[in-house]
Amino acid sequence: MSSKSKRRNGAYVAAKQTGSADNTSMDASKAPADKPFALGSTLRGKKAPKKSTAKKPKADNAPLRIIPLGGLDAIGKNMTVFEYKDCMVVDDAGIMFPDDDHPGIDLILPDYTYVLENVDKLKGIFITHGHEDHTGSLPYLLKDLDVQVPIYATKLTLGLIEGKLEEHKISNAKLVEVRAGDTIELGYFKVHFFAVNHSIPGAVGAFIESPAGNVLHTGDSKLDQTPIDGVTTDFGALSRFGKMGVDLMMSDSTNAMVKTFTPSEAEVGKVLERIMSRATGRVIVASFASHIHRLQQICDAAIACDRKIVVTGRSMIQNLDIARRLGYLHVGDEHLVDAYDLKTMPHDRIVVMCTGSQGEPLSALTRIANGEHRTIDIEEGDTVIISATPVPGNEMAVIRVINTLAKIGADVYDKSRAMVHVSGHAGAEELKLILSIVGPKAFMPVHGEAMHLRAHADLAQATGVDQKNIFICENGEVLEMTHGSIDYGSPVQSGIVLVDGLSVGDTSQDVLDERGKLGSQGIAVLSAAVDCKNRDIAGEIMVSLRGISGGDDVYLQEELKKCVYNALRRAISKDTDMKSLRKNGKDALLSLLWERTKQRPMVIVNLIEV
């Protein structure tokens, strides 16, 4: 993928206030006309053009198309398109991290081809919160768009997005700040933002009005009534939108199978402080770098226990700096120390905050556990807290890190031992409460795997949503709404795009299959020169085995050479072409290897015609 647009300095732009906090609007297809709002020394505001006085065309019976491009087959890469006539908006643009089925892959994006094909309709992108599974695709999407499209999000979310865009050397993004209670107009759409409680500040849901009907998207949320930042999910807004009429509700399904209320984030802070107060050595806490509420609790516990704080890991350092600068994380400079100063400080006065809660090979915690970190090492008696839940597919990687730490003698805490983590997503009882408040006519579970979507659909039915109005969709399937009536429409292209180093979208499933085979079965390379004119083998046959049990056995290699030689001689005597010769040599090699080792490696045949 390549960028088609010229770069200019990015900026935050505040939404123009035209009413109360619950009744605010702006024409969001253009930047606001009031004084720009700038954050940070590198961000400059822009003044907007004057609001257009052109009249909008009258609405007709055209359908509102709801098009999920990601988030319905896994927890990640969330992206939904809303389209009405010649007007289109995008809700979230996330990524998913690879698992064992994606060897060598760095990131997984949703296939947003449909957005690129209809870029002339695109009026804006709004982001519900700053987690990677909702923001990570933005740099790639913006590079592919040949127009500048405004991006709407809350202040912290924009700060995190700005950091991503700087890494990708994108400087022309039009970033517009919105607040809970604001309303923006995007062509035919009117989008109302409302506060929700999640594991990161600045999370919002969206109520989307269109001529064909209304959609409520809760975003990622829970009903924590004792939140760290004092911001609770806005029950009043949910009730108000319910009275206005919610024709379709889209809701976070992550914890739909958890049959209780999700505990408050405040409970984690108490446990962290208790563990730190008892620890005799250094305390190392691994968590998601974007879990700002958790970072605040770690800092608060460290200060309460008279410990200095060391921050390591690129994303952890970056997010901590952004959150402090924007006023979402409160810790003074006097409580922070550089990692290079650790050697001169008492071990019982240190807390290290780092990335690596998912066991990623290059994360700070994994490098610390393996003795590969530049400034931090683990010693017997140190305490390690893994303050997160492994993402599905990462469980074994986390277990490997825990075992490595245990061998060193570290005291390891994870959620199975103490409440060092609570989810940022609503449990089943909370989801039923939200459904009861909103009272949607139709329901579409989002943000989850198939089992989560099914469980959330059952909750909706239990709270009174008619089964025929519950839509369990797959990515690329389309719902069409006409004056509140919903049915399936024609599907659009969907799928995944693999990011492999600097390559975006060039790695196919065949390549992944080959990598998997290489990792599990090894590789055999056969080289030979054939004299087709005299129908003979010229010189010695070479066989090289890598990653194959017994591959260094001289007798096995000689047996393989002999077997391949005989197979090629028989084939060449029949005036066979080079393609058939390669197949004969490969089949002979594989057959004998299976007989001797019970392995079927990847085989590369190099035949040179002389």
# chains A, B, ... in the order shown; residues from 1 in each chain; ligands from 1
>>> residues_around(residues="Ala203 (chain A)", least_positions_apart="4", cutoff="9 Å", atoms="only C-alpha atoms", output="short mmCIF file (atom, residue, chain, number, x, y, z; two decimals) with N, CA, C and O atoms, in the first residue's frame")
data_model
loop_
_atom_site.label_atom_id
_atom_site.label_comp_id
_atom_site.auth_asym_id
_atom_site.auth_seq_id
_atom_site.Cartn_x
_atom_site.Cartn_y
_atom_site.Cartn_z
N ILE A 127 -13.83 7.56 16.05
CA ILE A 127 -13.19 6.50 16.83
C ILE A 127 -13.76 6.53 18.25
O ILE A 127 -13.78 7.58 18.90
N THR A 128 -14.18 5.38 18.75
CA THR A 128 -14.85 5.34 20.06
C THR A 128 -13.87 5.44 21.23
O THR A 128 -14.22 5.98 22.27
N HIS A 129 -12.66 4.90 21.08
CA HIS A 129 -11.66 5.02 22.15
C HIS A 129 -10.29 4.63 21.61
O HIS A 129 -10.16 4.21 20.46
N GLY A 130 -9.26 4.76 22.47
CA GLY A 130 -7.89 4.71 21.97
C GLY A 130 -7.19 3.38 21.95
O GLY A 130 -5.97 3.34 21.76
N ALA A 153 -12.62 12.14 17.51
CA ALA A 153 -12.40 11.33 18.71
C ALA A 153 -12.20 12.27 19.88
O ALA A 153 -12.02 13.48 19.72
N THR A 154 -12.20 11.70 21.09
CA THR A 154 -11.96 12.50 22.29
C THR A 154 -10.47 12.82 22.42
O THR A 154 -9.64 12.27 21.70
N THR A 157 -7.87 9.96 22.99
CA THR A 157 -7.85 9.10 21.80
C THR A 157 -7.08 9.78 20.68
O THR A 157 -6.26 9.14 20.00
N ALA A 180 -17.91 13.86 25.09
CA ALA A 180 -19.18 13.21 25.40
C ALA A 180 -20.25 14.29 25.53
O ALA A 180 -20.07 15.28 26.23
N PHE A 194 -21.76 9.83 23.56
CA PHE A 194 -22.11 9.77 24.97
C PHE A 194 -21.04 8.99 25.72
O PHE A 194 -20.37 8.11 25.17
N ALA A 195 -20.86 9.32 26.98
CA ALA A 195 -19.78 8.74 27.79
C ALA A 195 -20.09 7.29 28.14
O ALA A 195 -21.22 6.93 28.48
N VAL A 196 -19.06 6.46 28.05
CA VAL A 196 -19.13 5.10 28.57
C VAL A 196 -17.88 4.85 29.41
O VAL A 196 -16.84 5.46 29.19
N ASN A 197 -18.00 3.94 30.35
CA ASN A 197 -16.85 3.58 31.18
C ASN A 197 -16.15 2.38 30.56
O ASN A 197 -16.77 1.39 30.18
N HIS A 198 -14.83 2.49 30.44
CA HIS A 198 -14.02 1.41 29.87
C HIS A 198 -12.67 1.44 30.59
O HIS A 198 -12.51 2.15 31.59
N SER A 199 -11.71 0.71 30.11
CA SER A 199 -10.40 0.64 30.77
C SER A 199 -9.46 1.74 30.29
O SER A 199 -8.26 1.68 30.57
N GLY A 219 -20.03 1.01 21.84
CA GLY A 219 -18.58 0.99 22.01
C GLY A 219 -18.22 -0.03 23.07
O GLY A 219 -19.07 -0.76 23.61
N ASP A 220 -16.93 -0.12 23.41
CA ASP A 220 -16.50 -1.00 24.49
C ASP A 220 -16.87 -0.34 25.81
O ASP A 220 -16.51 0.81 26.05
N SER A 221 -17.55 -1.08 26.69
CA SER A 221 -18.06 -0.42 27.89
C SER A 221 -18.33 -1.41 29.00
O SER A 221 -18.41 -2.62 28.78
#
>>> select_by_dssp(residues="region 245-291 of chain A", states="strand (DSSP E or B)", output="ChimeraX atom specification")
/A:248-252,283-286
>>> closest_residue(among="A:Leu342, A:Val605, A:Met444, A:Ile200", to="Ile486 (chain A)", atoms="only C-alpha atoms")
A:Met444
>>> residues_around(residues="Cys563 (chain A)", least_positions_apart="6", cutoff="8 Å", atoms="only C-alpha atoms", output="MDAnalysis selection string")
chainID A and resid 588:589 592
>>> select_by_dssp(residues="region 75-196 of chain A", states="alpha helix (DSSP H)", output="list in words")
Thr113, Tyr114, Val115, Leu116, Glu117, Glu132, Asp133, His134, Thr135, Leu138, Pro139, Tyr140, Leu141, Leu142, Lys143, Asp144, Lys155, Leu156, Thr157, Leu158, Gly159, Leu160, Ile161, Glu162, Gly163, Lys164, Leu165, Glu166 and Glu167 of chain A
>>> residues_around(residues="region 451-468 of chain A", least_positions_apart="5", cutoff="9 Å", atoms="only C-alpha atoms", output="PyMOL selection string")
chain A and resi 72+251-257+428-429+431-433+435-436+439-446+473
>>> atom_distance(atom1="CA of Glu480 (chain A)", atom2="CA of Ile95 (chain A)")
25.7 Å
>>> atom_distance(atom1="CA of Val81 (chain A)", atom2="CA of Ile125 (chain A)")
9.2 Å
>>> closest_residue(among="A:Cys87, A:Ala571, A:Val147, A:Val119", to="Lys583 (chain A)", atoms="only C-alpha atoms")
A:Ala571
>>> residues_around(residues="region 329-339 of chain A", least_positions_apart="6", cutoff="7 Å", atoms="only C-alpha atoms", output="PyMOL selection string")
chain A and resi 292+296+299+308-310+323+375
>>> write_last_selection(atoms="C-alpha atoms", output="PDB file, in the first residue's frame")
ATOM      1  CA  ILE A 292      -4.351   4.245  31.362  1.00  0.00           C
ATOM      2  CA  GLN A 296      -2.635   5.219  37.251  1.00  0.00           C
ATOM      3  CA  CYS A 299       1.624   4.572  40.065  1.00  0.00           C
ATOM      4  CA  LYS A 308      10.051   5.042  42.702  1.00  0.00           C
ATOM      5  CA  ILE A 309       8.665   4.185  39.262  1.00  0.00           C
ATOM      6  CA  VAL A 310      10.673   3.065  36.246  1.00  0.00           C
ATOM      7  CA  ALA A 323      -1.547  10.608  29.095  1.00  0.00           C
ATOM      8  CA  THR A 375      19.046  -2.147  31.908  1.00  0.00           C
TER       9      THR A 375
END
>>> atom_distance(atom1="CA of Arg546 (chain A)", atom2="CA of Pro601 (chain A)")
9.1 Å
>>> residues_around(residues="Phe207 (chain A)", least_positions_apart="5", cutoff="9 Å", atoms="only C-alpha atoms", output="PDB file with N, CA, C and O atoms, in the first residue's frame")
ATOM      1  N   LYS A 190     -26.313  12.286  11.650  1.00  0.00           N
ATOM      2  CA  LYS A 190     -26.107  13.091  12.846  1.00  0.00           C
ATOM      3  C   LYS A 190     -25.635  12.121  13.926  1.00  0.00           C
ATOM      4  O   LYS A 190     -26.352  11.184  14.291  1.00  0.00           O
ATOM      5  N   VAL A 191     -24.414  12.341  14.422  1.00  0.00           N
ATOM      6  CA  VAL A 191     -23.793  11.408  15.367  1.00  0.00           C
ATOM      7  C   VAL A 191     -23.713  12.071  16.739  1.00  0.00           C
ATOM      8  O   VAL A 191     -23.084  13.121  16.898  1.00  0.00           O
ATOM      9  N   HIS A 192     -24.365  11.458  17.730  1.00  0.00           N
ATOM     10  CA  HIS A 192     -24.339  11.939  19.105  1.00  0.00           C
ATOM     11  C   HIS A 192     -23.369  11.066  19.905  1.00  0.00           C
ATOM     12  O   HIS A 192     -23.503   9.837  19.923  1.00  0.00           O
ATOM     13  N   PHE A 193     -22.420  11.672  20.587  1.00  0.00           N
ATOM     14  CA  PHE A 193     -21.464  10.926  21.400  1.00  0.00           C
ATOM     15  C   PHE A 193     -21.888  10.959  22.862  1.00  0.00           C
ATOM     16  O   PHE A 193     -22.321  12.003  23.374  1.00  0.00           O
ATOM     17  N   PHE A 194     -21.759   9.834  23.556  1.00  0.00           N
ATOM     18  CA  PHE A 194     -22.111   9.770  24.969  1.00  0.00           C
ATOM     19  C   PHE A 194     -21.036   8.989  25.722  1.00  0.00           C
ATOM     20  O   PHE A 194     -20.367   8.111  25.167  1.00  0.00           O
ATOM     21  N   ASN A 214     -32.371   4.865  13.123  1.00  0.00           N
ATOM     22  CA  ASN A 214     -31.349   5.207  14.108  1.00  0.00           C
ATOM     23  C   ASN A 214     -30.597   3.965  14.585  1.00  0.00           C
ATOM     24  O   ASN A 214     -31.197   2.904  14.795  1.00  0.00           O
ATOM     25  N   VAL A 215     -29.282   4.134  14.787  1.00  0.00           N
ATOM     26  CA  VAL A 215     -28.433   3.040  15.260  1.00  0.00           C
ATOM     27  C   VAL A 215     -27.692   3.502  16.505  1.00  0.00           C
ATOM     28  O   VAL A 215     -27.141   4.615  16.542  1.00  0.00           O
ATOM     29  N   LEU A 216     -27.653   2.661  17.525  1.00  0.00           N
ATOM     30  CA  LEU A 216     -26.880   2.932  18.735  1.00  0.00           C
ATOM     31  C   LEU A 216     -25.721   1.955  18.812  1.00  0.00           C
ATOM     32  O   LEU A 216     -25.924   0.738  18.784  1.00  0.00           O
ATOM     33  N   HIS A 217     -24.496   2.480  18.883  1.00  0.00           N
ATOM     34  CA  HIS A 217     -23.302   1.655  19.080  1.00  0.00           C
ATOM     35  C   HIS A 217     -22.731   1.968  20.456  1.00  0.00           C
ATOM     36  O   HIS A 217     -22.293   3.089  20.708  1.00  0.00           O
ATOM     37  N   THR A 218     -22.734   0.994  21.360  1.00  0.00           N
ATOM     38  CA  THR A 218     -22.295   1.248  22.734  1.00  0.00           C
ATOM     39  C   THR A 218     -20.794   1.463  22.832  1.00  0.00           C
ATOM     40  O   THR A 218     -20.318   2.042  23.824  1.00  0.00           O
ATOM     41  N   PHE A 241     -31.897   8.153  24.275  1.00  0.00           N
ATOM     42  CA  PHE A 241     -31.853   7.597  22.926  1.00  0.00           C
ATOM     43  C   PHE A 241     -32.925   6.518  22.757  1.00  0.00           C
ATOM     44  O   PHE A 241     -33.524   6.378  21.687  1.00  0.00           O
ATOM     45  N   VAL A 246     -34.468   3.515  19.049  1.00  0.00           N
ATOM     46  CA  VAL A 246     -33.273   2.826  18.565  1.00  0.00           C
ATOM     47  C   VAL A 246     -33.729   1.677  17.667  1.00  0.00           C
ATOM     48  O   VAL A 246     -34.240   0.667  18.150  1.00  0.00           O
TER      49      VAL A 246
END
>>> closest_residue(among="A:Pro390, A:Gly585, A:Gly136, A:Pro63", to="Ala93 (chain A)", atoms="only C-alpha atoms")
A:Gly136
>>> closest_residue(among="A:Ala206, A:Ala302, A:Val351, A:Ile66", to="Met88 (chain A)", atoms="only C-alpha atoms")
A:Ile66
>>> residues_around(residues="Ile322 (chain A)", least_positions_apart="5", cutoff="12 Å", atoms="only C-alpha atoms", output="MDAnalysis selection string")
chainID A and resid 39:41 130 155:164 289:290 292 315:317 327:330
